[in-house]
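The next block holds one structure in the form of structure tokens; read it before the comments.
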Amino acid sequence: MRTLVGLGYSGWTEKARWALDHHRLPYQYREHIPLVGELRLRLHAPRGQRGTVPLLVEDSGATMGSYAIAQRAEREGKGAPLFPAASLPEIEQWEQLSDAILRVGRAYMVQRLMQFPEAQAESLPPFIPGFARGRLTPMARMAASFLATKHEAAPDPEAAVLATVVPGLERLRAALQGGRFLIGTFSYADIAMALTLQFIQPVDELFIPLGPGRRKAWTHPALAERFADLIRWRDQLYTERRPAPVDPKAKP
């Protein structure tokens, strides 16, 4: 059985999950807990690679990274392709832009998390009872700082937003030209770029549960207004193209 290890709020994890679900591949999902789960992550990571999520663990080995996992789903799953051969170079370019924007978004979210105690409480592992969460918010701040250090987050996220995110979203708007898909048909490029809007204005709780504190912390009001058309595009894409996961216990 496949097990996908990830962070439920992470754009990278969601890219991998969307591709797996699109291709109707059953898998179990396990939430990674920063700091606490690092050793386990390293043990399952491909040899010679630093453990990070998303990580797809199978009997035959492990696949790390949303792009590699999506391509594996393409090879093994069903349904319409997400990586049409003729458009692969273009899809790779959108994936690179998506990664650049998500790295800035991660730094922005870490910075904002430090300012919102309610968001810190919501970020704690689910096994911590509600009555203890308020007292344990320093643990959430520690985990956020660990992730920022591990992934070399930008020291000035707001400056990085202006330098990377704004031009990237303008490029997305120009490429769509009011249309539905980036390459004429639904593809991984659309998934990758839809997730770049998650820290501008998070998608509905139905798709990525966050809680009111984290939703507030991870919203960038000025950019949400500036790119309201792209947020509507993202929301429509989720409504029309985001399938529910396959039950791993269901019979084929």
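Labels for the structure tokens follow display order: chains A, B, ..., residues from 1 in each chain, ligands from 1.
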
Those in region 5-140 of chain A with helix (DSSP H, G or I) from DSSP, as a ChimeraX atom specification: /A:11-22,38-44,66-76,85-113,117-122,130-140

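Residues in contact range of Glu118 (chain A), defined as at most 9 Å between only C-alpha atoms, with sequence neighbours fewer than 2 positions away removed, read Leu113, Phe116, Gln120, Ala121, Glu122, Ser123, Gly134, Thr137, Pro212, Gly213 and Arg214 of chain A.
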
Please produce an output containing all heavy atoms for each residue in the selection, written as a PDB file, in the first residue's frame.
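As written to disk, out26.pdb reads:
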ATOM      1  N   LEU A 113       2.622  33.460  11.187  1.00  0.00           N
ATOM      2  CA  LEU A 113       2.265  32.558  12.271  1.00  0.00           C
ATOM      3  C   LEU A 113       2.743  33.101  13.616  1.00  0.00           C
ATOM      4  O   LEU A 113       2.059  32.971  14.635  1.00  0.00           O
ATOM      5  CB  LEU A 113       2.874  31.175  12.016  1.00  0.00           C
ATOM      6  CG  LEU A 113       2.521  30.083  13.032  1.00  0.00           C
ATOM      7  CD1 LEU A 113       1.056  29.679  12.909  1.00  0.00           C
ATOM      8  CD2 LEU A 113       3.416  28.862  12.830  1.00  0.00           C
ATOM      9  N   PHE A 116       0.152  35.480  15.331  1.00  0.00           N
ATOM     10  CA  PHE A 116      -1.220  35.086  15.623  1.00  0.00           C
ATOM     11  C   PHE A 116      -1.234  33.869  16.560  1.00  0.00           C
ATOM     12  O   PHE A 116      -1.070  32.736  16.102  1.00  0.00           O
ATOM     13  CB  PHE A 116      -1.965  34.752  14.335  1.00  0.00           C
ATOM     14  CG  PHE A 116      -2.250  35.935  13.455  1.00  0.00           C
ATOM     15  CD1 PHE A 116      -1.299  36.390  12.544  1.00  0.00           C
ATOM     16  CD2 PHE A 116      -3.463  36.605  13.531  1.00  0.00           C
ATOM     17  CE1 PHE A 116      -1.561  37.488  11.736  1.00  0.00           C
ATOM     18  CE2 PHE A 116      -3.742  37.693  12.719  1.00  0.00           C
ATOM     19  CZ  PHE A 116      -2.786  38.141  11.830  1.00  0.00           C
ATOM     20  N   GLN A 120      -1.127  29.698  15.901  1.00  0.00           N
ATOM     21  CA  GLN A 120      -0.138  28.818  16.516  1.00  0.00           C
ATOM     22  C   GLN A 120      -0.809  27.617  17.174  1.00  0.00           C
ATOM     23  O   GLN A 120      -0.359  26.481  17.030  1.00  0.00           O
ATOM     24  CB  GLN A 120       0.681  29.596  17.543  1.00  0.00           C
ATOM     25  CG  GLN A 120       1.520  30.715  16.948  1.00  0.00           C
ATOM     26  CD  GLN A 120       2.014  31.695  17.983  1.00  0.00           C
ATOM     27  OE1 GLN A 120       2.077  31.383  19.169  1.00  0.00           O
ATOM     28  NE2 GLN A 120       2.351  32.904  17.546  1.00  0.00           N
ATOM     29  N   ALA A 121      -1.912  27.863  17.867  1.00  0.00           N
ATOM     30  CA  ALA A 121      -2.631  26.774  18.523  1.00  0.00           C
ATOM     31  C   ALA A 121      -3.181  25.786  17.498  1.00  0.00           C
ATOM     32  O   ALA A 121      -3.138  24.568  17.699  1.00  0.00           O
ATOM     33  CB  ALA A 121      -3.761  27.335  19.381  1.00  0.00           C
ATOM     34  N   GLU A 122      -3.679  26.297  16.378  1.00  0.00           N
ATOM     35  CA  GLU A 122      -4.220  25.428  15.337  1.00  0.00           C
ATOM     36  C   GLU A 122      -3.125  24.618  14.647  1.00  0.00           C
ATOM     37  O   GLU A 122      -3.417  23.573  14.048  1.00  0.00           O
ATOM     38  CB  GLU A 122      -4.970  26.266  14.306  1.00  0.00           C
ATOM     39  CG  GLU A 122      -6.259  26.884  14.830  1.00  0.00           C
ATOM     40  CD  GLU A 122      -6.864  27.904  13.885  1.00  0.00           C
ATOM     41  OE1 GLU A 122      -6.251  28.168  12.822  1.00  0.00           O
ATOM     42  OE2 GLU A 122      -7.935  28.426  14.202  1.00  0.00           O
ATOM     43  N   SER A 123      -1.885  25.090  14.710  1.00  0.00           N
ATOM     44  CA  SER A 123      -0.778  24.418  14.037  1.00  0.00           C
ATOM     45  C   SER A 123      -0.217  23.246  14.829  1.00  0.00           C
ATOM     46  O   SER A 123       0.580  22.475  14.301  1.00  0.00           O
ATOM     47  CB  SER A 123       0.352  25.421  13.767  1.00  0.00           C
ATOM     48  OG  SER A 123      -0.084  26.458  12.923  1.00  0.00           O
ATOM     49  N   GLY A 134      -3.351  26.302  24.178  1.00  0.00           N
ATOM     50  CA  GLY A 134      -2.937  27.671  24.457  1.00  0.00           C
ATOM     51  C   GLY A 134      -1.588  27.751  25.138  1.00  0.00           C
ATOM     52  O   GLY A 134      -0.785  28.647  24.857  1.00  0.00           O
ATOM     53  N   THR A 137       1.622  26.826  22.605  1.00  0.00           N
ATOM     54  CA  THR A 137       1.896  27.552  21.356  1.00  0.00           C
ATOM     55  C   THR A 137       3.390  27.771  21.102  1.00  0.00           C
ATOM     56  O   THR A 137       3.795  27.855  19.936  1.00  0.00           O
ATOM     57  CB  THR A 137       1.161  28.903  21.328  1.00  0.00           C
ATOM     58  OG1 THR A 137       1.453  29.631  22.527  1.00  0.00           O
ATOM     59  CG2 THR A 137      -0.345  28.691  21.220  1.00  0.00           C
ATOM     60  N   PRO A 212      -9.855  29.086  11.525  1.00  0.00           N
ATOM     61  CA  PRO A 212      -9.959  30.540  11.324  1.00  0.00           C
ATOM     62  C   PRO A 212      -8.666  31.299  11.606  1.00  0.00           C
ATOM     63  O   PRO A 212      -8.377  32.298  10.944  1.00  0.00           O
ATOM     64  CB  PRO A 212     -11.072  30.954  12.292  1.00  0.00           C
ATOM     65  CG  PRO A 212     -11.155  29.834  13.291  1.00  0.00           C
ATOM     66  CD  PRO A 212     -10.779  28.595  12.554  1.00  0.00           C
ATOM     67  N   GLY A 213      -7.891  30.839  12.587  1.00  0.00           N
ATOM     68  CA  GLY A 213      -6.648  31.540  12.914  1.00  0.00           C
ATOM     69  C   GLY A 213      -5.640  31.474  11.788  1.00  0.00           C
ATOM     70  O   GLY A 213      -5.064  32.490  11.384  1.00  0.00           O
ATOM     71  N   ARG A 214      -5.418  30.289  11.252  1.00  0.00           N
ATOM     72  CA  ARG A 214      -4.440  30.148  10.171  1.00  0.00           C
ATOM     73  C   ARG A 214      -4.944  30.783   8.879  1.00  0.00           C
ATOM     74  O   ARG A 214      -4.159  31.336   8.108  1.00  0.00           O
ATOM     75  CB  ARG A 214      -4.087  28.677   9.957  1.00  0.00           C
ATOM     76  CG  ARG A 214      -3.185  28.125  11.046  1.00  0.00           C
ATOM     77  CD  ARG A 214      -2.512  26.832  10.650  1.00  0.00           C
ATOM     78  NE  ARG A 214      -3.453  25.728  10.550  1.00  0.00           N
ATOM     79  CZ  ARG A 214      -3.065  24.463  10.327  1.00  0.00           C
ATOM     80  NH1 ARG A 214      -1.792  24.172  10.153  1.00  0.00           N
ATOM     81  NH2 ARG A 214      -3.968  23.506  10.258  1.00  0.00           N
TER      82      ARG A 214
END

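Take the candidates A:Ala224, A:Ala16, A:Ala119, A:Val166 and check each one against Leu210 (chain A) using only C-alpha atoms; the shortest distance goes to A:Ala119.
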
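What separates CA of Tyr238 (chain A) from CA of Glu205 (chain A) is a distance of 11.6 Å.
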
All residues 12 Å or closer to region 88-101 of chain A, only C-alpha atoms, same chain fewer than 3 positions away omitted, as an MDAnalysis selection string: chainID A and resid 10:13 15 65:68 70:71 81:85 104:108 153:154 157 160:172 175 181:200

Residue nearest Arg173 (chain A) - candidates A:Glu74, A:His22, A:Ala159, A:Leu230, atoms counted: only C-alpha atoms: A:Leu230

Residue with smallest distance to Glu58 (chain A) - pool A:Pro221, A:Gly77, A:Pro243, A:Pro26, counting only C-alpha atoms: A:Pro26

Nearby residues (only C-alpha atoms) at most 10 Å from Lys78 (chain A), same-chain spacing under 4 positions excluded, as a ChimeraX atom specification: /A:20-25,73-74
